Amino acid sequence: MPLDSSATKPQIQSDTFTNTASQMEFESWLYSWAEFIRREQWKTRKLVEMSVTLHRRDRGLTLSDMCGRYGIRPSTEGYWLDYNQDLDGEIHPINIVTPAITTNTNACLQSNAEVEVKSANASALHKQIAMKWEKVSDYFERIDWDEVSRTFIFDAAQKDGTVLIETVITKGEKTTVPRVGDGGIALAVYNCEQCGPGVTQTDAKPMEHAEPDADDMGGMPDGDADDAYEAEVDCPKCQSKVPAMVKRMGGESLSEAAIETKKITSEIVPFYNFAIDTYNAKIKGIKGAKWLQKQTLWDRMKLESKYNRLSFPGSSLWSYPICVDYALANADWGYLNQQLRNSGFSQFDMFEVREIYLHEEAYENYRAPSDFEFINGKGEKCFTIKKGQTIGEAQEAMYGADQHGFKFVWNDQWLLDIVGPEMEEINFRERFTDIHWDRKSGSYLSSPNYSIVYIQDDITILNTMDHNIIARNAVVPVYYNSLVFDKGDFSQEYIGSKNAGLLPDADMTKTAFSLPIPTPSPYLQNKIGFLWQVKDTVSQVTPAMRGEEQKGAPYAAQRQQLEQSYGSLTAVLKSFAQCKVETFRNKARLASKHWTLEQFQRVGSMFGEIWTEEDIDEMCNIDFDADLIITYRQGSEMPSTAMTKELKFYGALQQLIPLITANGQPLDQNAMQQIMKKIDENGEFDFDLTGLEVNELIAQK
């Protein structure tokens with residue numbers, strides 16, 4: 001029987017699409033996102049525990065930490081416990097974790113990448129704009145990337161794998177600035193019943209429901225009566241209130257005005273205070289993630305002052321990363337064992353507040369099944385979406401076009417706020433950047449130096465065995481037959497005996513004996529020696545990095561080893577350089593939207609330049625992606641010490657000596673100046689041998 005061709009023919013689905021509304025109400029949809037992210041956080045539980053291990057090992061090592069990853073007491077059951085000296089022993093003196101992390105941090109601090117801004121085309125105007133934005137980057141460099149913040153970043157990135165840098169815009173101080181305003185005078189034509197008609201200067205406001213009428217006042221000077229308004233003025237002679245027609249004359253005046261400024265800064269978000277879409281971020285990082293959550297602890301006072309129309313009866317359960325963050329900050333290890341809830345109703349109760357960011361890729365197919373209007377805890381109507389409308393369409397109706405993100409604030413089971421773009425950036429891809437220690441690990445989030453912990457375990461356990469053997473060697477116990485000897489017999493210079501020891505067949509070797517002295521096996525000694533040899537390799541520490549001199553090694557070999565040891569640290573330094581570039585790009589966009597004219601001019605004045613209003617308009621209207629090339633200066637992410645510059649300088653001089661001796665005469669002064677200029681550039685010095693910088697500064701002024 002032949003097969004029916006229609007039965008095997010593939011069914012082609014229609015490509016028509018109907019914009020049907022989603023089945024889930026808007027607030028329930030937000031709740032599902034909050035619960036989904038809560039479940040996703042459990043996937044990084046092991047990474048959090050690894051990070052806790054590195055943090056605690058860096059602070060101090062106990063035998064309990066070494067013999068078992070979570071302690072040696074039976075009651076631990078896989079959970080962290082508070083350190084108990086009686087049960088866990090003394091803090092072990094051998095610690096390779098702290099020196100490794102400290103050394104790597106110090107090596108990273110020797111370099112600070114420089115942001116470079118160039119023009120993407122040959123336009124002279126764009127080149128001038130790029131130079132101005134590079135000066136703005138220097139301004140942000142001074143206020144953000146100091147040694148304290150960089151120390152925290154490199155220390156945290158080693159233990160946690162990655163940290164986030166958040167670009168934050170807040171209200172700054174009010175400043176008084178000059179403003180050009182309407183400086184014209186207002187003349188009033190009046191007719192007083194007692195003093196007669198007249199003209200006087202006034203600042204009276206128009207009367208309510210007053211209609212301009214100049215016929216009864218005998219006309220207005222120098223202007224059309226249609227611009228006049230009716231008001232009450234004081235008669236300059238009798239001081240009585242009389243009706244008048246007021247006309248404002250032209251003119252401008254220079255006055256002062258108090259304006260609010262916006263402050264743009266960077267904040268460090270540690271590993272425990274954020275969760276991210278790790279699957280989509282595995283390659284592109286922040287730029288590829290669809291959602292990001294920032295979780296922090298707020299006390300009751302802050303929460304109730306922020307949302308004063310809401311009541312918070314009791315503190316909610318905390319997520320595990322927040323428990324870890326609180327435990328490490330307060331050295332209260334009980335928070336590592338369980339999620340604690342504040343029992344009392346105190347103004348110091350701590351609440352976990354979750355700021356959830358969604359990229360437009362995460363909500364572009366959602367359509368509201370009904371009208372929804374949200375009023376936050378401050379009584380503000382901050383979001384409205386209509387039936388069948390997408391979130392992007394609702395945002396465009398409220399805030400305008402080009403809104404590529406959505407942010408809402410959540411606590412436990414409650415929606416606290418939906419944040420608009422008026423005061424902050426809601427697209428997290430343009431708000432956050434990340435710094436990694438090394439991307440070669442198996443996850444986007446990882447603890448890079450966790451291998452040091454295993455080496456630390458082996459070293460500590462083997463050294464503990466060695467110490468126990470030494471203790472056995474120091475005191476050798478003697479075993480005896482109590483029928484023959486008394487305990488006190490062994491405390492005298494002679495050995496007393498009993499009758500049983502005087503028998504003819506008595507064997508003293510069977511009556512009293514001592515065990516052989518225990519000695520460590522060659523395997524144990526070799527194992528310890530091997531671990532001490534690889535310790536520096538695992539911890540990325542070399543003698544050159546410790547400043548130790550290698551006897552018999554030439555200077556060039558020591559220098560090469562120093563550079564190689566720095567080379568193992570370039571991954572995090574390049575990541576930090578890329579982070580600074582993206583962070584500046586985010587700040588530049590915010591500055592172009594929210595900075596005042598005077599804030600830009602203040603940056604220009606730091607470099608001796610006067611930026612006009614036209615200059616700043618050109619800066620703010622430029623396309624940061626198409627018109628500017630924002631990157632970091634190549635080589636600036638590598639540590640560059642004084643010794644490096646010294647070697648380059650002497651190398652350049654050595655190449656110069658044959659050129660001088662070949663002629664037998666002194667070089668021309670101009671040629672010598674050009675040679676020294678090249679040495680200046682290649683040696684990374686800042687001599688300004690040609691006086692170019694001074695001449696440029698004078699020309700600009």
# chains A, B, ... in the order shown; residues from 1 in each chain; ligands from 1
$ residues_around --residues "A:Val199" --least-positions-apart "4" --cutoff "10 Å" --atoms "only C-alpha atoms" --output "PyMOL selection string"
chain A and resi 187-191+220-221+235-236+244-246
$ residues_around --residues "A:Leu515" --least-positions-apart "5" --cutoff "9 Å" --atoms "only C-alpha atoms" --output "VMD selection string"
chain A and resid 476 to 479
$ closest_residue --among "A:Ile385, A:Met207, A:Cys620, A:Ala394" --to "A:Trp595" --atoms "only C-alpha atoms"
A:Cys620
$ atom_distance --atom1 "atom CA of A:Pro270" --atom2 "atom CA of A:Glu49"
14.7 Å
$ closest_residue --among "A:Gln293, A:Asn621, A:Ser266, A:Asn427" --to "A:Phe36" --atoms "only C-alpha atoms"
A:Gln293
$ select_by_dssp --residues "stretch 307-416 of chain A" --states "strand (DSSP E)" --output "PDB file with N, CA, C and O atoms, in the first residue's frame"
ATOM      1  N   MET A 350      17.813  44.973  60.217  1.00  0.00           N
ATOM      2  CA  MET A 350      18.432  45.019  58.901  1.00  0.00           C
ATOM      3  C   MET A 350      17.550  44.290  57.896  1.00  0.00           C
ATOM      4  O   MET A 350      17.102  43.165  58.154  1.00  0.00           O
ATOM      5  N   PHE A 351      17.310  44.923  56.766  1.00  0.00           N
ATOM      6  CA  PHE A 351      16.474  44.366  55.708  1.00  0.00           C
ATOM      7  C   PHE A 351      17.312  44.226  54.440  1.00  0.00           C
ATOM      8  O   PHE A 351      18.101  45.112  54.103  1.00  0.00           O
ATOM      9  N   GLU A 352      17.121  43.119  53.742  1.00  0.00           N
ATOM     10  CA  GLU A 352      17.789  42.944  52.461  1.00  0.00           C
ATOM     11  C   GLU A 352      16.940  43.584  51.364  1.00  0.00           C
ATOM     12  O   GLU A 352      15.801  43.184  51.121  1.00  0.00           O
ATOM     13  N   VAL A 353      17.502  44.580  50.708  1.00  0.00           N
ATOM     14  CA  VAL A 353      16.832  45.289  49.624  1.00  0.00           C
ATOM     15  C   VAL A 353      17.509  44.895  48.323  1.00  0.00           C
ATOM     16  O   VAL A 353      18.734  44.949  48.196  1.00  0.00           O
ATOM     17  N   ARG A 354      16.711  44.486  47.349  1.00  0.00           N
ATOM     18  CA  ARG A 354      17.237  43.974  46.086  1.00  0.00           C
ATOM     19  C   ARG A 354      16.862  44.929  44.955  1.00  0.00           C
ATOM     20  O   ARG A 354      15.681  45.155  44.685  1.00  0.00           O
ATOM     21  N   GLU A 355      17.872  45.503  44.325  1.00  0.00           N
ATOM     22  CA  GLU A 355      17.676  46.352  43.157  1.00  0.00           C
ATOM     23  C   GLU A 355      17.888  45.482  41.919  1.00  0.00           C
ATOM     24  O   GLU A 355      18.993  45.029  41.652  1.00  0.00           O
ATOM     25  N   ILE A 356      16.823  45.250  41.161  1.00  0.00           N
ATOM     26  CA  ILE A 356      16.845  44.315  40.037  1.00  0.00           C
ATOM     27  C   ILE A 356      16.796  45.107  38.733  1.00  0.00           C
ATOM     28  O   ILE A 356      15.907  45.945  38.531  1.00  0.00           O
ATOM     29  N   TYR A 357      17.773  44.837  37.869  1.00  0.00           N
ATOM     30  CA  TYR A 357      17.860  45.482  36.560  1.00  0.00           C
ATOM     31  C   TYR A 357      17.579  44.438  35.481  1.00  0.00           C
ATOM     32  O   TYR A 357      18.144  43.346  35.500  1.00  0.00           O
ATOM     33  N   LEU A 358      16.721  44.799  34.535  1.00  0.00           N
ATOM     34  CA  LEU A 358      16.419  43.942  33.389  1.00  0.00           C
ATOM     35  C   LEU A 358      16.797  44.683  32.118  1.00  0.00           C
ATOM     36  O   LEU A 358      16.469  45.868  31.960  1.00  0.00           O
ATOM     37  N   HIS A 359      17.484  43.992  31.225  1.00  0.00           N
ATOM     38  CA  HIS A 359      17.746  44.578  29.911  1.00  0.00           C
ATOM     39  C   HIS A 359      16.538  44.347  29.018  1.00  0.00           C
ATOM     40  O   HIS A 359      15.726  43.449  29.263  1.00  0.00           O
ATOM     41  N   PHE A 372      -2.179  48.878  34.535  1.00  0.00           N
ATOM     42  CA  PHE A 372      -1.481  48.818  35.823  1.00  0.00           C
ATOM     43  C   PHE A 372      -0.832  50.170  36.083  1.00  0.00           C
ATOM     44  O   PHE A 372      -0.193  50.750  35.215  1.00  0.00           O
ATOM     45  N   GLU A 373      -1.035  50.644  37.294  1.00  0.00           N
ATOM     46  CA  GLU A 373      -0.428  51.907  37.722  1.00  0.00           C
ATOM     47  C   GLU A 373       0.228  51.692  39.073  1.00  0.00           C
ATOM     48  O   GLU A 373      -0.399  51.156  39.989  1.00  0.00           O
ATOM     49  N   PHE A 374       1.489  52.067  39.178  1.00  0.00           N
ATOM     50  CA  PHE A 374       2.230  51.823  40.415  1.00  0.00           C
ATOM     51  C   PHE A 374       2.561  53.148  41.093  1.00  0.00           C
ATOM     52  O   PHE A 374       3.125  54.059  40.474  1.00  0.00           O
ATOM     53  N   ILE A 375       2.205  53.227  42.374  1.00  0.00           N
ATOM     54  CA  ILE A 375       2.557  54.371  43.221  1.00  0.00           C
ATOM     55  C   ILE A 375       3.506  53.849  44.285  1.00  0.00           C
ATOM     56  O   ILE A 375       3.171  52.923  45.029  1.00  0.00           O
ATOM     57  N   LYS A 381       3.609  58.551  41.593  1.00  0.00           N
ATOM     58  CA  LYS A 381       3.198  57.671  40.505  1.00  0.00           C
ATOM     59  C   LYS A 381       4.373  57.563  39.541  1.00  0.00           C
ATOM     60  O   LYS A 381       4.694  58.500  38.811  1.00  0.00           O
ATOM     61  N   CYS A 382       5.041  56.410  39.556  1.00  0.00           N
ATOM     62  CA  CYS A 382       6.299  56.301  38.823  1.00  0.00           C
ATOM     63  C   CYS A 382       6.218  55.371  37.615  1.00  0.00           C
ATOM     64  O   CYS A 382       7.179  55.324  36.851  1.00  0.00           O
ATOM     65  N   PHE A 383       5.103  54.644  37.449  1.00  0.00           N
ATOM     66  CA  PHE A 383       5.024  53.782  36.262  1.00  0.00           C
ATOM     67  C   PHE A 383       3.563  53.495  35.952  1.00  0.00           C
ATOM     68  O   PHE A 383       2.767  53.207  36.846  1.00  0.00           O
ATOM     69  N   THR A 384       3.256  53.552  34.661  1.00  0.00           N
ATOM     70  CA  THR A 384       1.909  53.248  34.176  1.00  0.00           C
ATOM     71  C   THR A 384       2.039  52.442  32.895  1.00  0.00           C
ATOM     72  O   THR A 384       2.789  52.826  31.989  1.00  0.00           O
ATOM     73  N   ILE A 385       1.318  51.324  32.818  1.00  0.00           N
ATOM     74  CA  ILE A 385       1.306  50.506  31.613  1.00  0.00           C
ATOM     75  C   ILE A 385      -0.147  50.142  31.318  1.00  0.00           C
ATOM     76  O   ILE A 385      -0.928  49.823  32.224  1.00  0.00           O
ATOM     77  N   GLY A 405      16.407  49.661  29.363  1.00  0.00           N
ATOM     78  CA  GLY A 405      16.486  48.903  30.607  1.00  0.00           C
ATOM     79  C   GLY A 405      15.301  49.198  31.496  1.00  0.00           C
ATOM     80  O   GLY A 405      14.542  50.151  31.281  1.00  0.00           O
ATOM     81  N   PHE A 406      15.135  48.351  32.495  1.00  0.00           N
ATOM     82  CA  PHE A 406      14.033  48.495  33.454  1.00  0.00           C
ATOM     83  C   PHE A 406      14.578  48.149  34.835  1.00  0.00           C
ATOM     84  O   PHE A 406      15.302  47.164  34.997  1.00  0.00           O
ATOM     85  N   LYS A 407      14.247  48.972  35.824  1.00  0.00           N
ATOM     86  CA  LYS A 407      14.741  48.745  37.183  1.00  0.00           C
ATOM     87  C   LYS A 407      13.583  48.805  38.166  1.00  0.00           C
ATOM     88  O   LYS A 407      12.756  49.716  38.110  1.00  0.00           O
ATOM     89  N   PHE A 408      13.535  47.796  39.077  1.00  0.00           N
ATOM     90  CA  PHE A 408      12.577  47.843  40.175  1.00  0.00           C
ATOM     91  C   PHE A 408      13.265  47.384  41.460  1.00  0.00           C
ATOM     92  O   PHE A 408      14.275  46.664  41.419  1.00  0.00           O
ATOM     93  N   VAL A 409      12.734  47.811  42.588  1.00  0.00           N
ATOM     94  CA  VAL A 409      13.316  47.551  43.903  1.00  0.00           C
ATOM     95  C   VAL A 409      12.395  46.602  44.648  1.00  0.00           C
ATOM     96  O   VAL A 409      11.173  46.828  44.705  1.00  0.00           O
ATOM     97  N   TRP A 410      12.979  45.549  45.239  1.00  0.00           N
ATOM     98  CA  TRP A 410      12.198  44.479  45.853  1.00  0.00           C
ATOM     99  C   TRP A 410      12.708  44.205  47.264  1.00  0.00           C
ATOM    100  O   TRP A 410      13.908  44.284  47.532  1.00  0.00           O
ATOM    101  N   ASN A 411      11.778  43.880  48.160  1.00  0.00           N
ATOM    102  CA  ASN A 411      12.127  43.452  49.514  1.00  0.00           C
ATOM    103  C   ASN A 411      11.228  42.290  49.905  1.00  0.00           C
ATOM    104  O   ASN A 411      10.004  42.471  49.995  1.00  0.00           O
ATOM    105  N   TRP A 414       7.689  42.100  48.530  1.00  0.00           N
ATOM    106  CA  TRP A 414       7.026  43.362  48.248  1.00  0.00           C
ATOM    107  C   TRP A 414       7.789  44.150  47.182  1.00  0.00           C
ATOM    108  O   TRP A 414       9.012  44.234  47.198  1.00  0.00           O
ATOM    109  N   LEU A 415       7.008  44.729  46.275  1.00  0.00           N
ATOM    110  CA  LEU A 415       7.554  45.663  45.295  1.00  0.00           C
ATOM    111  C   LEU A 415       7.611  47.046  45.929  1.00  0.00           C
ATOM    112  O   LEU A 415       6.577  47.622  46.275  1.00  0.00           O
ATOM    113  N   LEU A 416       8.823  47.580  46.110  1.00  0.00           N
ATOM    114  CA  LEU A 416       8.986  48.866  46.776  1.00  0.00           C
ATOM    115  C   LEU A 416       8.962  50.039  45.809  1.00  0.00           C
ATOM    116  O   LEU A 416       8.407  51.093  46.122  1.00  0.00           O
TER     117      LEU A 416
END
$ closest_residue --among "A:Ala275, A:Ile322, A:Leu292, A:Ile264" --to "A:Arg589" --atoms "only C-alpha atoms"
A:Ile264
$ closest_residue --among "A:Tyr480, A:Ile528, A:Lys159, A:Glu614" --to "A:Asp457" --atoms "only C-alpha atoms"
A:Ile528
$ atom_distance --atom1 "atom CA of A:Ile283" --atom2 "atom CA of A:Thr631"
19.6 Å
$ closest_residue --among "A:Arg367, A:Lys306, A:His594, A:Lys132" --to "A:Glu425" --atoms "only C-alpha atoms"
A:His594
